[in-house]
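Q: Here you go, one structure.
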Amino acid sequence: MATKAARPKKLKLAVRGPGKRPIRLIVNGETREVLVESRRTLLDALRKDVGLTGTKKACDEGTCGACTVLLDGKPIYACMALAIECDGKSIETIEGLARDGQLHPIQQTFIEEDALQCGFCTPGQIISVKVLLDSNPRPTLKEVKDALSGNLCRCGAYPKIFTAALRAAELLGQEK
Amino acid sequence: MPKVIKTKTEFEGHVFEEYVVIEGEGLTSWEPQAELKSVGKPTQRIDGPERVTGKAMYTFDVQLPGMLYGKILRSPHPHAKIKKIDTRRAERLPGVRAVLNHKNTARIPFRQSQTLIFDEIVRYVGDEVACVIADDEEICEDALELIEVGYELLPFVIDPEEALQPDAPKVQPSGNLLNEKTELYERGDLQQGFAQADVIVDGTFRTQCALHNCMETHGSVAFWEGDALTVWDSTQHIFGVRAGLAQLLGLTLHKVRVIKKYMGGGFGSKNGLGKYTIIAALGAKMTGRPVKIMLDRHEENLAAGNRPSSVQRLKIGATRDGVLTALELKAIVSAGAFCTWPPSVGGPARQLYACPNLKTEQYTVFTNTGQLSAFRAPGYVEGTFALESLIDELARKLGMNPLELRLKNYTELDQTSGRPYSTKGLREAYERGAKLFGRNLPPQSPSLKGMGSAPPTLGEGVGERFLRGFDMASQIWSGNGFPPAYALAKVNPDGTATVISGTQDIGTGTKTVLAQIAAEELGFPIEKISVEIGDTETGPYAPLSAGSMTVASVGPAVRVAAYEARQQLLDVAAQLLEVPRESLTLSDGLFVSPALKEPVAAKDVLAKLENFMIIGHGARGPIPKTSRSIRLEPNSPT
């Protein structure tokens, strides 16, 4: 005779969601197919599933900008987007900036101006500068500050970051 | 031959005496006017490229094959006893590999036995209760919700003044006062000092709790190979973490390796071993797989240390012409639930000004809140706020310019030891500050009228919401280096060199500075130097990277190691090149001698020896008995 007490409690699986599904992310020009739960953020998908850890996880709640990436050319906080929302879309991360071992001018000026200390916010800062310079090749200092207002630097490298951004604008202007 | 010496060192306001072993040559300091090629020259960060390309491997970025994740269940109560814990539902969730808690782990005392790694008593909101180890973080989060904990709520206290009351709930069994006594410092005759005073000011100053919020949260990745443990940790002290892990897990030192390559900030909060590191090691042991635990931002704010709040009662006496005669401070500092050392809130009062009669008394008090940790000049920032606020009040009461008052009590002697400072730049900082304010006057002049006493004016162009006033404050903080700290300089057969030390770069540019020092002493261009730090397995011991002491401790060790390597290089090269040893010098990677037709590259000499490798050993020498360096930074007036 089956007794009630001997039966294991029925497991509630309601919180587990619908499970994983495949999506396609075009990351720095390469198409990558990954299997993610619908609640996985783009940030975690990039870092864990695609294996690109240059995009940093610092606050994971849309306040610090360390995970800034370009989604179809527009800057977003990767921690605030679900990976499934980005299915089929194009994403540019810090790893996509240097080409053939050649640093991007923004990366170069960040080194030359020593626009970092611990470097954890740096990938996000650089992406935000790139967004600015792509649309506004000759920004003023105020425009640089506005463009970087969504990126926290806990070490306090801001003045050097602004200088690096302005110098990168000069370098890119000369290239054209 | 190694020499054993006894040395006295000061760290963040605390004095220690210890035995250290010194090896290698005692080198004299470079003269300020010496013509140096690398040291003192603007140099780009040698690890800049990896940091700007996202390639630098922070602990948060470590992903190992088969790696599991850990998430910690934290107490929602400030003080409670865990009556029951049921993890069965969590354990049945697919993907969960283990749920660690006090029932299935060893009793491991932590923080001088003030807590256990998993304690049945939780003492603050955020205290560790259990840890889920699972295939991914989302599964961990689901499983945390399935753990059932029954708490018996206990009375709690969160205000340090209330915690000192006799009937206050006890946070620790021994009571709420750290070490069961106050930290007392006295000099001169306080009563007489106040009797001599024409003017006395006093006040109560409260400072708030402050959080570090490093961009990279605290965390570790742990894995076992047989009985050997390797831990990647976001830490300012790899050797401290190694010692702590070995002690708490009952391992020998040669079976524990701690690695930290890059770190996203520490600010003092990563000076020591955290519970999460031990838990990651236990979880990895239990599952047989690597385990990664990185705190999330919420946990970082709750459980990763803070600059504690303080209440300071301060009283200052001075003569009519502004000479300090007496100073008394009573400080109450919240320690949080666990604490092993008191921050020196009385440091600025004891050291910033010449004052013969002085008493500071500090109560470091346990409360049911998150624990304190070092935070950029621990204690001194809080102490400075009270001291400098009251010095300004004294200036107003005396009708004296605040800068003049500070200069009147300026001292070239460390008031706690009576010894002169080796360097002190505060007077220059005062002068420069006054100059930048458009009052280009000699600092002795009493004519900086209005400073501090002028009513705030509306700022220009900033709208009516803002007032612009100006005043001044100065902070004292010492930066010194001391043994033990060791380094190796390894010269490769191709004329490059690798500096190895068990120090760590916390974002301050340690690698670059050490490369500059090695390049200078070795006689190599800096491009030929690499620096390998942050690994207890490869580097000899170096101290924690804190207290503004890394360059002054590890730098000299690197210099001695490079010097020894250069001596060996010259010995070998003289024989290979068949020139007198005394005639040979090494500079820019080239051997030069009047006996040689032209300079010979180091790599061409070393190539003749195939894989011969030169290794120089270096140690940080003892501190001269009379000197101590000090660095002072002016707070820019706002």
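Each chain in the structure tokens gets a letter, A, B and so on, in the order shown; residues start at 1 in every chain, and ligands are counted from 1 in the order they appear.
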Do me a favour and pick out the residues of chain B within 9 Å of chain A, using only C-alpha atoms, as a ChimeraX atom specification.

A: /B:44-45,48-49,51-58,60-63,89,92-93,138-139,142,212-217,262-265,267,296-298,505-509

Q: Which polymer residues have any atom within 9 Å of an atom of range 17-25 of chain B, counting only C-alpha atoms, with same-chain residues fewer than 6 positions away left out, as a PDB file with N, CA and C atoms, in the first residue's frame?

A:
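Once everything was written out, this is part_32.pdb:
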ATOM      1  N   MET B   1      75.106  35.771   1.881  1.00  0.00           N
ATOM      2  CA  MET B   1      74.424  34.926   2.867  1.00  0.00           C
ATOM      3  C   MET B   1      73.215  35.666   3.437  1.00  0.00           C
ATOM      4  N   PRO B   2      72.111  34.994   3.576  1.00  0.00           N
ATOM      5  CA  PRO B   2      70.938  35.699   4.113  1.00  0.00           C
ATOM      6  C   PRO B   2      71.185  36.178   5.549  1.00  0.00           C
ATOM      7  N   LYS B   3      70.716  37.374   5.852  1.00  0.00           N
ATOM      8  CA  LYS B   3      70.868  37.962   7.182  1.00  0.00           C
ATOM      9  C   LYS B   3      69.491  38.094   7.816  1.00  0.00           C
ATOM     10  N   VAL B   4      69.401  37.736   9.081  1.00  0.00           N
ATOM     11  CA  VAL B   4      68.126  37.897   9.783  1.00  0.00           C
ATOM     12  C   VAL B   4      68.182  39.190  10.597  1.00  0.00           C
ATOM     13  N   ILE B   5      67.219  40.044  10.413  1.00  0.00           N
ATOM     14  CA  ILE B   5      67.184  41.285  11.182  1.00  0.00           C
ATOM     15  C   ILE B   5      65.811  41.460  11.834  1.00  0.00           C
ATOM     16  N   LYS B   6      65.804  42.287  12.851  1.00  0.00           N
ATOM     17  CA  LYS B   6      64.539  42.626  13.495  1.00  0.00           C
ATOM     18  C   LYS B   6      64.187  44.033  13.024  1.00  0.00           C
ATOM     19  N   THR B   7      62.982  44.241  12.606  1.00  0.00           N
ATOM     20  CA  THR B   7      62.640  45.566  12.081  1.00  0.00           C
ATOM     21  C   THR B   7      61.281  46.024  12.595  1.00  0.00           C
ATOM     22  N   LYS B   8      61.166  47.326  12.720  1.00  0.00           N
ATOM     23  CA  LYS B   8      59.929  47.939  13.190  1.00  0.00           C
ATOM     24  C   LYS B   8      59.260  48.584  11.975  1.00  0.00           C
ATOM     25  N   THR B   9      58.015  48.289  11.754  1.00  0.00           N
ATOM     26  CA  THR B   9      57.348  48.885  10.601  1.00  0.00           C
ATOM     27  C   THR B   9      56.024  49.493  11.030  1.00  0.00           C
ATOM     28  N   GLU B  10      55.611  50.495  10.248  1.00  0.00           N
ATOM     29  CA  GLU B  10      54.316  51.097  10.523  1.00  0.00           C
ATOM     30  C   GLU B  10      53.415  50.893   9.332  1.00  0.00           C
ATOM     31  N   PRO B 483      60.588  45.654   4.635  1.00  0.00           N
ATOM     32  CA  PRO B 483      60.670  44.216   4.382  1.00  0.00           C
ATOM     33  C   PRO B 483      59.583  43.490   5.175  1.00  0.00           C
ATOM     34  N   PRO B 484      59.249  42.258   4.828  1.00  0.00           N
ATOM     35  CA  PRO B 484      59.850  41.461   3.757  1.00  0.00           C
ATOM     36  C   PRO B 484      59.166  41.676   2.399  1.00  0.00           C
ATOM     37  N   TYR B 486      60.358  40.360  -1.767  1.00  0.00           N
ATOM     38  CA  TYR B 486      61.423  39.717  -2.544  1.00  0.00           C
ATOM     39  C   TYR B 486      61.103  39.720  -4.039  1.00  0.00           C
ATOM     40  N   ALA B 557      63.457  45.603  -3.831  1.00  0.00           N
ATOM     41  CA  ALA B 557      63.772  44.180  -4.021  1.00  0.00           C
ATOM     42  C   ALA B 557      64.068  43.903  -5.491  1.00  0.00           C
ATOM     43  N   VAL B 560      67.550  45.291  -6.356  1.00  0.00           N
ATOM     44  CA  VAL B 560      68.654  44.435  -5.910  1.00  0.00           C
ATOM     45  C   VAL B 560      68.754  43.199  -6.807  1.00  0.00           C
ATOM     46  N   ALA B 561      67.613  42.624  -7.167  1.00  0.00           N
ATOM     47  CA  ALA B 561      67.626  41.442  -8.038  1.00  0.00           C
ATOM     48  C   ALA B 561      68.245  41.789  -9.395  1.00  0.00           C
ATOM     49  N   TYR B 563      70.303  44.255 -10.000  1.00  0.00           N
ATOM     50  CA  TYR B 563      71.715  44.553  -9.771  1.00  0.00           C
ATOM     51  C   TYR B 563      72.521  43.258  -9.763  1.00  0.00           C
ATOM     52  N   GLU B 564      72.027  42.265  -9.041  1.00  0.00           N
ATOM     53  CA  GLU B 564      72.736  40.981  -8.966  1.00  0.00           C
ATOM     54  C   GLU B 564      72.815  40.318 -10.336  1.00  0.00           C
ATOM     55  N   GLY B 616      68.984  36.742 -10.777  1.00  0.00           N
ATOM     56  CA  GLY B 616      69.385  37.589  -9.649  1.00  0.00           C
ATOM     57  C   GLY B 616      68.307  37.558  -8.578  1.00  0.00           C
ATOM     58  N   HIS B 617      68.749  37.511  -7.309  1.00  0.00           N
ATOM     59  CA  HIS B 617      67.809  37.511  -6.180  1.00  0.00           C
ATOM     60  C   HIS B 617      67.841  38.869  -5.499  1.00  0.00           C
ATOM     61  N   GLY B 618      66.686  39.339  -5.087  1.00  0.00           N
ATOM     62  CA  GLY B 618      66.669  40.624  -4.379  1.00  0.00           C
ATOM     63  C   GLY B 618      65.713  40.631  -3.220  1.00  0.00           C
ATOM     64  N   ALA B 619      66.084  41.378  -2.184  1.00  0.00           N
ATOM     65  CA  ALA B 619      65.205  41.539  -1.023  1.00  0.00           C
ATOM     66  C   ALA B 619      65.112  43.014  -0.672  1.00  0.00           C
ATOM     67  N   ARG B 620      64.000  43.410  -0.136  1.00  0.00           N
ATOM     68  CA  ARG B 620      63.821  44.759   0.369  1.00  0.00           C
ATOM     69  C   ARG B 620      64.653  44.876   1.645  1.00  0.00           C
ATOM     70  N   GLY B 621      65.520  45.867   1.720  1.00  0.00           N
ATOM     71  CA  GLY B 621      66.395  46.033   2.875  1.00  0.00           C
ATOM     72  C   GLY B 621      65.660  46.607   4.064  1.00  0.00           C
ATOM     73  N   PRO B 622      66.350  46.622   5.222  1.00  0.00           N
ATOM     74  CA  PRO B 622      65.708  47.156   6.431  1.00  0.00           C
ATOM     75  C   PRO B 622      65.526  48.662   6.345  1.00  0.00           C
TER      76      PRO B 622
END

Q: As an exercise, work out the distance from CA of Thr325 in chain B to CA of Glu183 in chain B in Å and give it to one decimal place.

A: 22.2 Å

Q: From range 49-137 of chain A, collect each residue whose DSSP state is alpha helix (DSSP H) and return the set as a PyMOL selection string.

A: chain A and resi 105-112+122-135

Q: Using C-alpha atoms, can you export the residues from the last selection as a short mmCIF file (atom, residue, chain, number, x, y, z; two decimals), in the first residue's frame?

A:
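again-v1.cif written:
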data_model
loop_
_atom_site.label_atom_id
_atom_site.label_comp_id
_atom_site.auth_asym_id
_atom_site.auth_seq_id
_atom_site.Cartn_x
_atom_site.Cartn_y
_atom_site.Cartn_z
CA PRO A 105 43.21 54.88 -32.65
CA ILE A 106 40.90 55.18 -29.61
CA GLN A 107 42.69 52.25 -27.97
CA GLN A 108 46.01 53.83 -28.87
CA THR A 109 45.17 57.18 -27.29
CA PHE A 110 43.77 55.46 -24.18
CA ILE A 111 47.23 53.94 -23.70
CA GLU A 112 49.14 57.10 -24.60
CA THR A 122 37.82 50.66 -20.11
CA PRO A 123 36.17 48.46 -22.77
CA GLY A 124 32.84 50.20 -22.13
CA GLN A 125 34.46 53.64 -22.15
CA ILE A 126 36.16 52.91 -25.47
CA ILE A 127 32.94 51.67 -27.09
CA SER A 128 31.14 54.83 -25.93
CA VAL A 129 33.89 57.02 -27.39
CA LYS A 130 33.62 55.11 -30.65
CA VAL A 131 29.86 55.71 -30.78
CA LEU A 132 30.47 59.41 -30.29
CA LEU A 133 33.21 59.74 -32.88
CA ASP A 134 31.30 57.71 -35.47
CA SER A 135 28.52 60.29 -35.42
#

Q: Given only C-alpha atoms as the basis, pick out the residue of A:Pro159, A:Gly150, A:Gly88, A:Pro139 nearest to Ile23 in chain A.

A: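 Looking only at the distances to Ile23 in chain A, the closest residue turns out to be A:Gly88.
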
Q: With a distance cut-off of 6 Å and only C-alpha atoms, select the neighbouring residues of range 361-377 of chain B, excluding the residue or stretch itself and same-chain residues fewer than 6 positions from it, and output the selection as a CSV table (one decimal) with C-alpha atoms, in the first residue's frame.

A:
chain,number,residue,atom,x,y,z
B,78,PRO,CA,20.4,41.2,11.4
B,123,ARG,CA,25.0,38.4,12.7
B,124,TYR,CA,24.1,40.8,10.0
B,157,VAL,CA,21.8,46.4,17.6
B,158,ILE,CA,23.0,48.5,14.6
B,160,PRO,CA,27.5,51.8,17.7
B,176,ASN,CA,30.5,44.6,21.8
B,177,LEU,CA,33.9,46.4,22.4
B,178,LEU,CA,36.7,45.1,20.2
B,182,THR,CA,39.5,51.1,24.0
B,183,GLU,CA,42.5,52.1,22.0
B,184,LEU,CA,44.0,54.8,24.1
B,267,PHE,CA,40.6,50.2,-2.5
B,268,GLY,CA,41.5,48.2,0.6
B,269,SER,CA,38.4,46.0,0.5
B,303,ALA,CA,29.0,41.8,2.5
B,305,GLY,CA,33.4,45.5,3.6
B,306,ASN,CA,32.8,49.2,4.2
B,307,ARG,CA,34.3,52.3,5.7
B,308,PRO,CA,32.4,52.3,8.9
B,330,LYS,CA,36.8,60.4,21.7
B,331,ALA,CA,35.8,58.3,18.7
B,332,ILE,CA,33.2,55.6,18.4
B,333,VAL,CA,33.5,53.5,15.3
B,334,SER,CA,31.2,50.8,14.1
B,335,ALA,CA,33.2,47.6,13.4
B,336,GLY,CA,30.3,45.6,12.0
B,337,ALA,CA,29.7,42.0,13.0
B,338,PHE,CA,33.3,40.9,12.7
